[in-house]
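What follows is one structure encoded as structure tokens, with my remarks underneath.
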Amino acid sequence: MKTVFTKKEGVWMNFGDTKNIAHEFIYLMDNSDLDWGTEFKYFYRITDDNYIQLAHRLNGGELKISAQFRLRFKNLKENIIFIVKENIEAHLPYEGFPVFEKSTVITEKEFNSIIQTIRDERNLMIEQAIAFQTPLIDYLREKNLNPRPSGNNPYSWVAKCPCGGNHFLMIVTKTDNWGCGYCRRVGKLPELQAWLKEIKIKEDQKRLSKMLRELKENGGLSKETTKWWLKRY
């Protein structure tokens with residue numbers, strides 16, 4: 001009997017190992033990401049307990065379950081289109097829109113229609129988000145952290161993380177909260193201001209150590225250190 005490992009629905013979750021069920025997945029389509037040079041092969045599986053699962057192989061690697069939802073429609077293709085759309089939306093902040101290559105189930109026109117629907121929905125959400133900006137958004141912009149609407153809902157924004165890593169701050173303007181799961185930091189505007197001060201103090205300490213080392217070893221400062229010193233003080 002084909003059953004799911006967990007009853008949870010969504011994308012980016014642990015839906016179980018495919019080791020013993022890989023043969024139950026049916027080929028769906030090939031997509032690519034031209035910017036990253038990646039190729040995805042997608043497969044789907046319908047379970048006896050009325051779930052649809054979407055799995056993928058990245059560049060010919062291991063088969064992994066990407067998404068899982070209860071069947072919502074009587075028509076198989078409608079369920080496939082639904083889970084493909086949910087999967088694309090969840091990966092958008094990190095991977096952008098995929099490029100259709102081929103499929104035995106959906107046409108390129110149907111795939112492009114999914115993309116266009118997502119674009120239209122996101123554009124509407126972005127317009128609504130821009131119309132509702134808060135002091136937190138103003139502060140992020142002032143600190144050159146490039147806040148921008150995520151397009152997920154009228155209150156969802158993302159911004160560069162002040163730690164300098166290649167990940168995002170997530171902002172909810174409805175409550176004016178922010179969070180970074182990678183850095184394990186959350187809060188409102190005062191907490192963000194305190195964190196940026198903390199980051200600046202640590203950076204200044206590193207720069208001062210470097211400046212003292214240059215003076216000791218070279219008897220002078222490099223152009224980079226001089227520029228920082230004049231700008232800092």
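In the structure tokens, each chain is lettered A, B, ... as it comes, each chain's residues begin at 1, and ligands are numbered from 1 in order of appearance.
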Pick out the residues sitting within 12 Å of Phe132 in chain A, and hand them over as a PDB file with N, CA and C atoms, in the first residue's frame; count only C-alpha atoms, and ignore anything fewer than 3 positions along from it in its own chain.
```pdb
ATOM      1  N   MET A 125       0.881  41.457  -4.916  1.00  0.00           N
ATOM      2  CA  MET A 125       1.357  41.495  -3.530  1.00  0.00           C
ATOM      3  C   MET A 125       2.429  42.559  -3.337  1.00  0.00           C
ATOM      4  N   ILE A 126       3.308  42.709  -4.318  1.00  0.00           N
ATOM      5  CA  ILE A 126       4.374  43.707  -4.241  1.00  0.00           C
ATOM      6  C   ILE A 126       3.792  45.118  -4.218  1.00  0.00           C
ATOM      7  N   GLU A 127       2.786  45.366  -5.047  1.00  0.00           N
ATOM      8  CA  GLU A 127       2.128  46.677  -5.069  1.00  0.00           C
ATOM      9  C   GLU A 127       1.505  46.985  -3.710  1.00  0.00           C
ATOM     10  N   GLN A 128       0.860  45.991  -3.126  1.00  0.00           N
ATOM     11  CA  GLN A 128       0.233  46.182  -1.816  1.00  0.00           C
ATOM     12  C   GLN A 128       1.283  46.405  -0.730  1.00  0.00           C
ATOM     13  N   ALA A 129       2.419  45.678  -0.830  1.00  0.00           N
ATOM     14  CA  ALA A 129       3.480  45.828   0.163  1.00  0.00           C
ATOM     15  C   ALA A 129       4.106  47.222   0.097  1.00  0.00           C
ATOM     16  N   PRO A 135       8.594  52.033   9.682  1.00  0.00           N
ATOM     17  CA  PRO A 135       9.903  52.530  10.119  1.00  0.00           C
ATOM     18  C   PRO A 135      11.007  51.485   9.993  1.00  0.00           C
ATOM     19  N   LEU A 136      10.674  50.209  10.162  1.00  0.00           N
ATOM     20  CA  LEU A 136      11.679  49.151  10.016  1.00  0.00           C
ATOM     21  C   LEU A 136      12.198  49.094   8.584  1.00  0.00           C
ATOM     22  N   ILE A 137      11.311  49.212   7.620  1.00  0.00           N
ATOM     23  CA  ILE A 137      11.715  49.218   6.213  1.00  0.00           C
ATOM     24  C   ILE A 137      12.565  50.445   5.917  1.00  0.00           C
ATOM     25  N   ASP A 138      12.171  51.591   6.451  1.00  0.00           N
ATOM     26  CA  ASP A 138      12.948  52.825   6.251  1.00  0.00           C
ATOM     27  C   ASP A 138      14.364  52.672   6.811  1.00  0.00           C
ATOM     28  N   ARG A 148      13.088  44.748   0.160  1.00  0.00           N
ATOM     29  CA  ARG A 148      12.202  44.655  -0.997  1.00  0.00           C
ATOM     30  C   ARG A 148      11.085  43.654  -0.713  1.00  0.00           C
ATOM     31  N   PRO A 149       9.904  43.888  -1.266  1.00  0.00           N
ATOM     32  CA  PRO A 149       8.792  42.950  -1.053  1.00  0.00           C
ATOM     33  C   PRO A 149       9.132  41.568  -1.605  1.00  0.00           C
ATOM     34  N   ASN A 153       3.121  37.825   0.300  1.00  0.00           N
ATOM     35  CA  ASN A 153       1.868  38.405   0.798  1.00  0.00           C
ATOM     36  C   ASN A 153       2.099  39.908   0.974  1.00  0.00           C
ATOM     37  N   PRO A 154       1.057  40.698   1.258  1.00  0.00           N
ATOM     38  CA  PRO A 154       1.223  42.160   1.327  1.00  0.00           C
ATOM     39  C   PRO A 154       2.130  42.659   2.442  1.00  0.00           C
ATOM     40  N   TYR A 155       2.506  41.788   3.384  1.00  0.00           N
ATOM     41  CA  TYR A 155       3.316  42.216   4.517  1.00  0.00           C
ATOM     42  C   TYR A 155       4.701  41.576   4.541  1.00  0.00           C
ATOM     43  N   SER A 156       5.032  40.819   3.528  1.00  0.00           N
ATOM     44  CA  SER A 156       6.280  40.062   3.524  1.00  0.00           C
ATOM     45  C   SER A 156       7.369  40.789   2.730  1.00  0.00           C
ATOM     46  N   TRP A 157       8.514  41.025   3.389  1.00  0.00           N
ATOM     47  CA  TRP A 157       9.672  41.660   2.768  1.00  0.00           C
ATOM     48  C   TRP A 157      10.915  40.818   3.054  1.00  0.00           C
ATOM     49  N   VAL A 172       8.213  41.048   8.464  1.00  0.00           N
ATOM     50  CA  VAL A 172       6.746  41.063   8.415  1.00  0.00           C
ATOM     51  C   VAL A 172       6.303  42.451   8.859  1.00  0.00           C
ATOM     52  N   THR A 173       5.863  43.263   7.920  1.00  0.00           N
ATOM     53  CA  THR A 173       5.535  44.657   8.246  1.00  0.00           C
ATOM     54  C   THR A 173       4.238  44.794   9.031  1.00  0.00           C
ATOM     55  N   LYS A 174       3.404  43.765   9.012  1.00  0.00           N
ATOM     56  CA  LYS A 174       2.151  43.830   9.774  1.00  0.00           C
ATOM     57  C   LYS A 174       2.434  43.986  11.255  1.00  0.00           C
ATOM     58  N   THR A 175       3.509  43.336  11.724  1.00  0.00           N
ATOM     59  CA  THR A 175       3.928  43.445  13.127  1.00  0.00           C
ATOM     60  C   THR A 175       5.260  44.160  13.270  1.00  0.00           C
ATOM     61  N   ASP A 176       5.875  44.479  12.136  1.00  0.00           N
ATOM     62  CA  ASP A 176       7.198  45.105  12.077  1.00  0.00           C
ATOM     63  C   ASP A 176       8.245  44.258  12.796  1.00  0.00           C
TER      64      ASP A 176
END
```
Query - Spatial neighbours of range 4-8 of chain A, 9 Å, only C-alpha atoms, chain gap at least 6 places, as a ChimeraX atom specification - result: /A:14-17,47-49,51,53,68-70
Requested in this report: Check the DSSP output for the backbone and give back, as a PyMOL selection string, the residues of range 21-169 of chain A in strand (DSSP E or B).
Outcome: chain A and resi 26-33+38-46+51-58+64-70+99-103+148-149+156-160+168-169
Query - Nearby residues (only C-alpha atoms) at most 12 Å from Arg57 in chain A, same-chain spacing under 3 positions excluded, as a list in words - result: Thr18, Ala22, Phe25, Tyr27, Leu28, Met29, Asp30, Asn31, Ser32, Thr38, Glu39, Phe40, Lys41, Tyr42, Phe43, Tyr44, Leu54, Gly60, Gly61, Glu62, Leu63, Lys64, Ile65 and Ser66 of chain A
Query - Residue neighbourhood Val158 in chain A, 8 Å, only C-alpha atoms, exclusion window fewer than 5 positions, as a PyMOL selection string - result: chain A and resi 147-150+168-171
Query - Selection near range 75-90 of chain A, 9 Å with only C-alpha atoms, sequence-local residues under 3 positions removed, as a PyMOL selection string - result: chain A and resi 10-12+28+44+52-54+66-72+93-98+105-106+110-111+114-115+117-118+152
Please produce a file of those selected residues containing C-alpha atoms, as a short mmCIF file (atom, residue, chain, number, x, y, z; two decimals), in the first residue's frame.
```cif
data_model
loop_
_atom_site.label_atom_id
_atom_site.label_comp_id
_atom_site.auth_asym_id
_atom_site.auth_seq_id
_atom_site.Cartn_x
_atom_site.Cartn_y
_atom_site.Cartn_z
CA GLY A 10 4.02 21.84 2.17
CA VAL A 11 7.45 22.33 0.65
CA TRP A 12 10.95 22.17 2.25
CA LEU A 28 6.89 14.40 -14.80
CA TYR A 44 5.28 12.55 -8.91
CA ILE A 52 0.40 13.76 -4.11
CA GLN A 53 4.17 13.98 -3.72
CA LEU A 54 6.66 15.81 -5.91
CA SER A 66 10.31 18.23 -2.64
CA ALA A 67 6.67 18.76 -1.73
CA GLN A 68 3.59 16.97 -0.49
CA PHE A 69 -0.10 17.90 -0.42
CA ARG A 70 -3.46 16.21 -0.03
CA LEU A 71 -5.27 15.68 -3.30
CA ARG A 72 -7.47 18.73 -3.85
CA PRO A 93 13.66 33.61 -3.29
CA TYR A 94 16.64 31.29 -3.79
CA GLU A 95 16.42 29.93 -7.33
CA GLY A 96 14.16 32.23 -9.35
CA PHE A 97 11.89 30.95 -12.09
CA PRO A 98 12.87 27.60 -13.65
CA VAL A 105 2.39 15.28 -18.55
CA ILE A 106 2.12 19.05 -18.98
CA GLU A 110 0.65 25.01 -19.34
CA PHE A 111 3.98 25.39 -17.53
CA ILE A 114 1.83 28.55 -14.08
CA ILE A 115 4.77 30.96 -14.19
CA THR A 117 0.00 33.19 -12.69
CA ILE A 118 2.74 33.35 -10.07
CA ASN A 152 4.47 36.20 -0.88
#
```
**Report entry** Shell of 10 Å around range 194-204 of chain A, only C-alpha atoms, local chain residues under 4 positions omitted, as a list in words
**Finding:**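 The neighbour list is Lys143, Pro162, Cys163, Gly164, Arg185, Val186, Gly187, Leu189, Pro190, Leu208, Ser209, Lys210, Trp228, Trp229 and Arg232 of chain A.
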For those residues, write N, CA and C atoms to a file as a compact mmCIF listing (two decimals), in the first residue's frame.
```txt
# COMPACT_ATOMS: atom_id res chain seq x y z
N LYS A 143 20.27 51.82 5.97
CA LYS A 143 21.50 51.07 6.22
C LYS A 143 21.96 50.27 4.99
N PRO A 162 22.63 41.79 7.70
CA PRO A 162 23.74 42.68 8.05
C PRO A 162 25.03 41.94 8.39
N CYS A 163 24.95 40.62 8.61
CA CYS A 163 26.17 39.86 8.93
C CYS A 163 27.06 39.71 7.70
N GLY A 164 26.50 39.99 6.52
CA GLY A 164 27.29 39.89 5.29
C GLY A 164 27.20 38.55 4.61
N ARG A 185 18.60 35.21 14.83
CA ARG A 185 18.30 36.52 15.41
C ARG A 185 16.87 36.91 15.02
N VAL A 186 16.15 37.50 15.97
CA VAL A 186 14.79 37.97 15.71
C VAL A 186 14.57 39.25 16.51
N GLY A 187 13.52 39.97 16.16
CA GLY A 187 13.18 41.14 16.95
C GLY A 187 12.42 42.19 16.17
N LEU A 189 12.56 46.79 15.56
CA LEU A 189 13.55 47.80 15.20
C LEU A 189 14.64 47.99 16.26
N PRO A 190 14.32 48.10 17.55
CA PRO A 190 15.40 48.28 18.55
C PRO A 190 16.41 47.13 18.55
N LEU A 208 40.94 47.80 13.76
CA LEU A 208 41.95 48.41 14.63
C LEU A 208 43.14 47.47 14.83
N SER A 209 42.86 46.19 14.97
CA SER A 209 43.94 45.20 15.12
C SER A 209 44.80 45.18 13.86
N LYS A 210 44.14 45.25 12.72
CA LYS A 210 44.87 45.27 11.46
C LYS A 210 45.71 46.53 11.33
N TRP A 228 39.49 53.52 5.57
CA TRP A 228 38.55 53.17 6.63
C TRP A 228 38.69 54.11 7.81
N TRP A 229 39.93 54.42 8.21
CA TRP A 229 40.16 55.27 9.37
C TRP A 229 39.59 56.67 9.17
N ARG A 232 35.83 56.35 9.15
CA ARG A 232 35.28 55.96 10.46
C ARG A 232 35.33 57.12 11.44
```
Query - Shortest interatomic distance to Leu192 in chain A - which of A:Glu9, A:Lys74, A:Trp178, A:Lys102, counting only C-alpha atoms - result: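 Closest to Leu192 in chain A of all the choices is A:Trp178.
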Report task. If you run DSSP over the backbone, which residues in range 23-137 of chain A end up helix (DSSP H, G or I)? Put them as a ChimeraX atom specification. Result -> /A:23-24,76-95,108-130,135-137
